[in-house]
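A quick write-up on the structure given underneath.
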Amino acid sequence: MILLNGKKLALEIQSEIKKEVDLFKQASITPGLAVIMIGDDAASQVYVRKKAEACKEVGIYSVVHEMPENIKEETILNTIKLMNENSNINGILVQLPLPSHINQTKILEAIDPKKDVDGFHPFNIGRLVLNLDSFVPCTPLGIMKIFEEYKINLEGKNVCIVGASNIVGKPMLALLLNANATVDICHIYTKNLKNHTKRADIVIIGVGKAGLITEDMVKDDAIVIDIGINRLENGKISGDVDFENVSKKCSYITPVPGGVGPMTIAMLLSNTLKATKL
Ligand code: GUN
């Protein structure tokens with residue numbers, strides 16, 4: 001079993017990004033990222049802090065607009081408009097989830113697609129599906145980089161994605177199809193999940209349920225990518241996979257923490273650099 005070390009790969013990518021940021025700075029350009037964070041969801045606060053820290057490490061300027069839970073939609077839209085027009089800001093990210101009174105589609109569609117470093121705008125999702133150059137959502141993009149780094153060929157592979165969200169499962173599906181894999185996508189209404197996961201050469205799981213994927217659900221030598229981040233009662237962080245038992249059966253597996261998570265952040269920096277180049 002080979003551990004897919006996302007943490008190490010993310011650090012290598014970040015050091016390459018830092019070199020490119022330094023070159024921009026020599027030309028008096030500082031890449032800039034604006035993050036909009038609404039409410040006080042604890043997990044979102046941790047993610048936003050990590051994103052800001054990563055920006056600082058590579059020299060990207062970042063500003064976090066924190067807004068209260070009861071903020072008006074119009075205020076968020078006005079902030080996005082200002083960021084769209086601000087030439088010092090190359091990337092804009094609205095941390096999800098949003099409070100229920102805010103129309104998420106309206107907010108995401110307000111972001112200039114050229115500054116959409118999360119790749120959540122319908123313009124970018126549409127281009128991704130058509131296999132055209134676009135901003136690609138950070139978690140699926142990070143997973144593709146892991147496949148590339150470990151020379152995991154996707155052509156003709158059976159891949160089972162568990163979790164069909166707009167921000168991970170669906171863009172992952174598009175990337176894998178574009179790489180000529182055969183993709184099966186499962187969700188909460190899927191009957192007999194095991195029938196699907198057991199057939200797959202590669203299982204990608206991100207639903208936020210610790211221990212959902214057990215050893216009997218994967219075939220021998222499967223490749224397992226765990227996107228889940230769950231805090232257990234003992235305070236430890238775990239993924240959606242029963243790592244101890246599943247890892248014995250796998251050819252490759254991502255750990256949690258230290259697998260996909262750091263790659264998501266590295267891809268945000270990479271997308272911010274891409275936006276700066278635009
Ligand atoms: N919430 C959970 N994951 C993400 C992400 O990748 N981007 C944003 N904006 N919000 C999230």
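As shown in the structure tokens, the chain order sets the letters A, B, ...; within each chain, residues go from 1, and ligands are also counted from 1 in the order they appear.
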Problem set entry | Selection: 12 Å around Lys274 (chain A), only C-alpha atoms, excl. self and same-chain fewer than 3 positions, as a ChimeraX atom specification | /A:17,20-21,24,31-33,90-91,114-119,133-136,267-271,277-278
For this session: Can you list, as a PyMOL selection string, all residues belonging to region 38-254 of chain A that DSSP tags as helix (DSSP H, G or I)?
Result: chain A and resi 42-58+73-85+104-110+113-115+122-129+138-149+169-178+193-197+215-217+243-246
Can you write just those residues out, C-alpha atoms, as a PDB file, in the first residue's frame?
ATOM      1  CA  ALA A  42     -16.533  26.863  13.108  1.00  0.00           C
ATOM      2  CA  ALA A  43     -15.330  24.634  10.255  1.00  0.00           C
ATOM      3  CA  SER A  44     -15.564  27.482   7.732  1.00  0.00           C
ATOM      4  CA  GLN A  45     -13.559  29.720  10.058  1.00  0.00           C
ATOM      5  CA  VAL A  46     -10.778  27.118  10.197  1.00  0.00           C
ATOM      6  CA  TYR A  47     -10.745  26.743   6.394  1.00  0.00           C
ATOM      7  CA  VAL A  48     -10.686  30.496   5.824  1.00  0.00           C
ATOM      8  CA  ARG A  49      -7.848  30.933   8.326  1.00  0.00           C
ATOM      9  CA  LYS A  50      -5.835  28.196   6.591  1.00  0.00           C
ATOM     10  CA  LYS A  51      -6.433  29.791   3.191  1.00  0.00           C
ATOM     11  CA  ALA A  52      -5.252  33.195   4.459  1.00  0.00           C
ATOM     12  CA  GLU A  53      -2.164  31.643   6.092  1.00  0.00           C
ATOM     13  CA  ALA A  54      -1.267  29.802   2.884  1.00  0.00           C
ATOM     14  CA  CYS A  55      -1.575  33.051   0.900  1.00  0.00           C
ATOM     15  CA  LYS A  56       0.796  34.741   3.327  1.00  0.00           C
ATOM     16  CA  GLU A  57       3.337  31.925   3.045  1.00  0.00           C
ATOM     17  CA  VAL A  58       3.618  32.315  -0.738  1.00  0.00           C
ATOM     18  CA  GLU A  73     -27.888  39.598   0.329  1.00  0.00           C
ATOM     19  CA  GLU A  74     -27.550  43.039  -1.231  1.00  0.00           C
ATOM     20  CA  THR A  75     -24.544  43.863   0.984  1.00  0.00           C
ATOM     21  CA  ILE A  76     -22.749  40.718  -0.125  1.00  0.00           C
ATOM     22  CA  LEU A  77     -23.538  41.492  -3.772  1.00  0.00           C
ATOM     23  CA  ASN A  78     -22.196  45.040  -3.332  1.00  0.00           C
ATOM     24  CA  THR A  79     -18.961  43.702  -1.820  1.00  0.00           C
ATOM     25  CA  ILE A  80     -18.551  41.263  -4.724  1.00  0.00           C
ATOM     26  CA  LYS A  81     -19.139  44.110  -7.187  1.00  0.00           C
ATOM     27  CA  LEU A  82     -16.407  46.186  -5.525  1.00  0.00           C
ATOM     28  CA  MET A  83     -14.003  43.219  -5.620  1.00  0.00           C
ATOM     29  CA  ASN A  84     -14.855  42.559  -9.294  1.00  0.00           C
ATOM     30  CA  GLU A  85     -13.887  46.155 -10.058  1.00  0.00           C
ATOM     31  CA  GLN A 104     -26.220  30.922  -3.200  1.00  0.00           C
ATOM     32  CA  THR A 105     -26.681  30.821  -6.992  1.00  0.00           C
ATOM     33  CA  LYS A 106     -27.169  34.591  -7.127  1.00  0.00           C
ATOM     34  CA  ILE A 107     -24.012  35.159  -5.052  1.00  0.00           C
ATOM     35  CA  LEU A 108     -21.818  32.769  -7.059  1.00  0.00           C
ATOM     36  CA  GLU A 109     -23.107  34.174 -10.361  1.00  0.00           C
ATOM     37  CA  ALA A 110     -22.179  37.697  -9.253  1.00  0.00           C
ATOM     38  CA  PRO A 113     -15.809  34.391 -13.977  1.00  0.00           C
ATOM     39  CA  LYS A 114     -12.239  35.631 -14.585  1.00  0.00           C
ATOM     40  CA  LYS A 115     -11.799  36.036 -10.795  1.00  0.00           C
ATOM     41  CA  PRO A 122     -21.794  28.304 -14.044  1.00  0.00           C
ATOM     42  CA  PHE A 123     -19.557  29.774 -16.779  1.00  0.00           C
ATOM     43  CA  ASN A 124     -16.540  27.881 -15.448  1.00  0.00           C
ATOM     44  CA  ILE A 125     -18.466  24.701 -14.632  1.00  0.00           C
ATOM     45  CA  GLY A 126     -19.886  24.747 -18.188  1.00  0.00           C
ATOM     46  CA  ARG A 127     -16.441  25.170 -19.727  1.00  0.00           C
ATOM     47  CA  LEU A 128     -15.077  22.389 -17.520  1.00  0.00           C
ATOM     48  CA  VAL A 129     -17.796  19.991 -18.701  1.00  0.00           C
ATOM     49  CA  CYS A 138      -9.879  23.228  -5.911  1.00  0.00           C
ATOM     50  CA  THR A 139     -10.615  19.841  -4.319  1.00  0.00           C
ATOM     51  CA  PRO A 140     -11.215  17.914  -7.561  1.00  0.00           C
ATOM     52  CA  LEU A 141      -8.250  19.702  -9.157  1.00  0.00           C
ATOM     53  CA  GLY A 142      -6.058  18.717  -6.184  1.00  0.00           C
ATOM     54  CA  ILE A 143      -7.116  15.080  -6.596  1.00  0.00           C
ATOM     55  CA  MET A 144      -6.180  15.173 -10.289  1.00  0.00           C
ATOM     56  CA  LYS A 145      -2.730  16.525  -9.313  1.00  0.00           C
ATOM     57  CA  ILE A 146      -2.317  13.595  -6.899  1.00  0.00           C
ATOM     58  CA  PHE A 147      -3.139  11.140  -9.731  1.00  0.00           C
ATOM     59  CA  GLU A 148      -0.610  12.927 -11.947  1.00  0.00           C
ATOM     60  CA  GLU A 149       2.129  12.934  -9.288  1.00  0.00           C
ATOM     61  CA  GLY A 169     -18.616  15.364  -6.934  1.00  0.00           C
ATOM     62  CA  LYS A 170     -19.929  16.959 -10.125  1.00  0.00           C
ATOM     63  CA  PRO A 171     -16.691  18.731 -11.172  1.00  0.00           C
ATOM     64  CA  MET A 172     -14.769  15.542 -10.272  1.00  0.00           C
ATOM     65  CA  LEU A 173     -17.076  13.648 -12.631  1.00  0.00           C
ATOM     66  CA  ALA A 174     -16.291  16.100 -15.446  1.00  0.00           C
ATOM     67  CA  LEU A 175     -12.514  15.909 -14.886  1.00  0.00           C
ATOM     68  CA  LEU A 176     -12.536  12.113 -14.848  1.00  0.00           C
ATOM     69  CA  LEU A 177     -14.695  11.886 -17.981  1.00  0.00           C
ATOM     70  CA  ASN A 178     -12.331  14.317 -19.696  1.00  0.00           C
ATOM     71  CA  LEU A 193     -23.687   1.650  -2.249  1.00  0.00           C
ATOM     72  CA  LYS A 194     -21.420  -1.374  -1.897  1.00  0.00           C
ATOM     73  CA  ASN A 195     -22.516  -2.711  -5.319  1.00  0.00           C
ATOM     74  CA  HIS A 196     -20.992   0.432  -6.803  1.00  0.00           C
ATOM     75  CA  THR A 197     -17.848   0.892  -4.700  1.00  0.00           C
ATOM     76  CA  GLU A 215     -13.009  -2.972   3.817  1.00  0.00           C
ATOM     77  CA  ASP A 216     -15.787  -5.174   2.415  1.00  0.00           C
ATOM     78  CA  MET A 217     -16.841  -2.262   0.145  1.00  0.00           C
ATOM     79  CA  PHE A 243      -8.527   3.776   7.186  1.00  0.00           C
ATOM     80  CA  GLU A 244      -7.067   1.104   9.435  1.00  0.00           C
ATOM     81  CA  ASN A 245      -8.821  -1.775   7.674  1.00  0.00           C
ATOM     82  CA  VAL A 246      -9.338  -0.393   4.153  1.00  0.00           C
TER      83      VAL A 246
END
For this session: Enumerate residues in contact with ligand 1: an atom-to-atom distance of at most 6 Å, counting only C-alpha atoms and all ligand atoms. Format the result as a count of residues only.
Result: 7
Problem set entry | Nearest to Ser100 (chain A) by atom-to-atom distance, counting only C-alpha atoms, from A:Thr276, A:Asn166, A:Asn88, A:Asn70 |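 Among the listed residues, A:Asn70 lies closest to Ser100 (chain A).
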Problem set entry | Near-Leu9 (chain A) list (12 Å; only C-alpha atoms; drop same-chain fewer than 3 positions) as a list in words | Leu3, Leu4, Asn5, Gly6, Glu12, Ile13, Gln14, Ser15, Glu16, Gly142, Ile143, Lys145, Ile146, Phe147, Glu148, Glu149, Tyr150, Gly258, Gly259, Val260, Gly261, Pro262, Met263, Thr264, Ile265, Ala266 and Met267 of chain A
Exercise. Mind pulling up the distance from CA of Pro99 (chain A) to CA of Lys72 (chain A)?
Worked result: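 Here the two named atoms are 10.4 Å from each other.
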For this session: Kindly indicate which residue among A:Lys151, A:Lys8, A:His101, A:Lys19 lies nearest to Tyr252 (chain A), using only C-alpha atoms for the distances.
Result: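 For Tyr252 (chain A), the nearest of the given residues is A:Lys151.
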Exercise. Using only C-alpha atoms, which residues sit within 7 Å of Ala34 (chain A) once same-chain residues fewer than 5 positions away are excluded, as a VMD selection string?
Worked result: chain A and resid 62 to 64 89 91 to 93
Suppose we keep all heavy atoms; can you now write the selection as a compact mmCIF listing (two decimals), in the first residue's frame?
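Output saved as out.txt:
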# COMPACT_ATOMS: atom_id res chain seq x y z
N SER A 62 -3.96 38.77 0.80
CA SER A 62 -5.34 38.30 0.95
C SER A 62 -6.10 39.18 1.94
O SER A 62 -5.51 39.73 2.88
CB SER A 62 -5.40 36.84 1.39
OG SER A 62 -5.11 36.71 2.76
N VAL A 63 -7.39 39.34 1.66
CA VAL A 63 -8.23 40.12 2.56
C VAL A 63 -9.49 39.29 2.83
O VAL A 63 -10.05 38.69 1.91
CB VAL A 63 -8.55 41.52 1.95
CG1 VAL A 63 -9.16 41.41 0.58
CG2 VAL A 63 -9.46 42.32 2.87
N VAL A 64 -9.86 39.22 4.11
CA VAL A 64 -11.06 38.44 4.46
C VAL A 64 -12.16 39.42 4.87
O VAL A 64 -11.98 40.21 5.79
CB VAL A 64 -10.77 37.46 5.62
CG1 VAL A 64 -12.04 36.66 5.96
CG2 VAL A 64 -9.63 36.50 5.26
N ILE A 89 -7.35 43.01 -6.75
CA ILE A 89 -7.92 41.70 -6.39
C ILE A 89 -8.04 40.86 -7.66
O ILE A 89 -8.77 41.21 -8.59
CB ILE A 89 -9.31 41.88 -5.71
CG1 ILE A 89 -9.17 42.61 -4.37
CG2 ILE A 89 -10.03 40.55 -5.52
CD1 ILE A 89 -8.32 41.89 -3.32
N GLY A 91 -8.50 37.28 -7.39
CA GLY A 91 -9.38 36.14 -7.13
C GLY A 91 -10.40 36.47 -6.04
O GLY A 91 -10.10 37.21 -5.11
N ILE A 92 -11.61 35.94 -6.21
CA ILE A 92 -12.68 36.15 -5.22
C ILE A 92 -13.24 34.80 -4.83
O ILE A 92 -13.52 33.96 -5.69
CB ILE A 92 -13.82 37.03 -5.80
CG1 ILE A 92 -13.27 38.36 -6.30
CG2 ILE A 92 -14.93 37.24 -4.77
CD1 ILE A 92 -14.28 39.17 -7.12
N LEU A 93 -13.42 34.61 -3.53
CA LEU A 93 -13.94 33.34 -3.03
C LEU A 93 -14.98 33.63 -1.96
O LEU A 93 -14.74 34.42 -1.05
CB LEU A 93 -12.76 32.58 -2.44
CG LEU A 93 -12.91 31.25 -1.75
CD1 LEU A 93 -11.56 30.57 -1.73
CD2 LEU A 93 -13.44 31.36 -0.35
Exercise. Which neighbours of Ile205 (chain A) fall inside 9 Å, counting only C-alpha atoms, when residues of the same chain fewer than 2 positions from it are skipped, and could you give them as a PyMOL selection string?
Worked result: chain A and resi 160-163+169+203+207-208+213+224-228+239-241
For this session: Report the residues of region 33-64 of chain A whose backbone DSSP state falls under strand (DSSP E or B), written as a VMD selection string.
Result: chain A and resid 33 to 38 61 to 64
Problem set entry | Non-local contacts of Ile38 (chain A) (6 Å; only C-alpha atoms; under 2 positions in same chain excluded) as a PyMOL selection string | chain A and resi 66-69
Problem set entry | Near-Thr30 (chain A) list (7 Å; only C-alpha atoms; drop same-chain fewer than 4 positions) as a list in words | Phe24, Lys25, Ile60 and Tyr61 of chain A
Selection file, all heavy atoms, as a PDB file, in the first residue's frame:
ATOM      1  N   PHE A  24       6.240  37.997 -10.122  1.00  0.00           N
ATOM      2  CA  PHE A  24       5.210  39.036 -10.264  1.00  0.00           C
ATOM      3  C   PHE A  24       5.579  40.266  -9.438  1.00  0.00           C
ATOM      4  O   PHE A  24       5.459  41.397  -9.892  1.00  0.00           O
ATOM      5  CB  PHE A  24       3.843  38.511  -9.813  1.00  0.00           C
ATOM      6  CG  PHE A  24       3.030  37.926 -10.929  1.00  0.00           C
ATOM      7  CD1 PHE A  24       2.713  36.587 -10.952  1.00  0.00           C
ATOM      8  CD2 PHE A  24       2.566  38.729 -11.965  1.00  0.00           C
ATOM      9  CE1 PHE A  24       1.955  36.040 -11.988  1.00  0.00           C
ATOM     10  CE2 PHE A  24       1.806  38.199 -13.005  1.00  0.00           C
ATOM     11  CZ  PHE A  24       1.503  36.849 -13.014  1.00  0.00           C
ATOM     12  N   LYS A  25       6.067  40.010  -8.217  1.00  0.00           N
ATOM     13  CA  LYS A  25       6.381  41.136  -7.328  1.00  0.00           C
ATOM     14  C   LYS A  25       7.534  41.971  -7.867  1.00  0.00           C
ATOM     15  O   LYS A  25       7.547  43.188  -7.713  1.00  0.00           O
ATOM     16  CB  LYS A  25       6.683  40.622  -5.924  1.00  0.00           C
ATOM     17  CG  LYS A  25       5.410  40.166  -5.205  1.00  0.00           C
ATOM     18  CD  LYS A  25       5.699  39.834  -3.769  1.00  0.00           C
ATOM     19  CE  LYS A  25       4.397  39.679  -3.015  1.00  0.00           C
ATOM     20  NZ  LYS A  25       4.592  39.170  -1.672  1.00  0.00           N
ATOM     21  N   ILE A  60       1.015  35.923  -1.505  1.00  0.00           N
ATOM     22  CA  ILE A  60      -0.210  36.446  -2.117  1.00  0.00           C
ATOM     23  C   ILE A  60      -0.905  37.333  -1.073  1.00  0.00           C
ATOM     24  O   ILE A  60      -1.041  36.944   0.091  1.00  0.00           O
ATOM     25  CB  ILE A  60      -1.145  35.291  -2.564  1.00  0.00           C
ATOM     26  CG1 ILE A  60      -0.520  34.523  -3.736  1.00  0.00           C
ATOM     27  CG2 ILE A  60      -2.541  35.791  -2.918  1.00  0.00           C
ATOM     28  CD1 ILE A  60      -1.297  33.281  -4.185  1.00  0.00           C
ATOM     29  N   TYR A  61      -1.332  38.530  -1.517  1.00  0.00           N
ATOM     30  CA  TYR A  61      -2.076  39.420  -0.620  1.00  0.00           C
ATOM     31  C   TYR A  61      -3.480  38.837  -0.444  1.00  0.00           C
ATOM     32  O   TYR A  61      -4.118  38.433  -1.423  1.00  0.00           O
ATOM     33  CB  TYR A  61      -2.145  40.822  -1.242  1.00  0.00           C
ATOM     34  CG  TYR A  61      -3.194  41.721  -0.636  1.00  0.00           C
ATOM     35  CD1 TYR A  61      -2.993  42.299   0.618  1.00  0.00           C
ATOM     36  CD2 TYR A  61      -4.387  41.984  -1.316  1.00  0.00           C
ATOM     37  CE1 TYR A  61      -3.973  43.109   1.176  1.00  0.00           C
ATOM     38  CE2 TYR A  61      -5.359  42.794  -0.761  1.00  0.00           C
ATOM     39  CZ  TYR A  61      -5.145  43.344   0.485  1.00  0.00           C
ATOM     40  OH  TYR A  61      -6.118  44.132   1.036  1.00  0.00           O
TER      41      TYR A  61
END
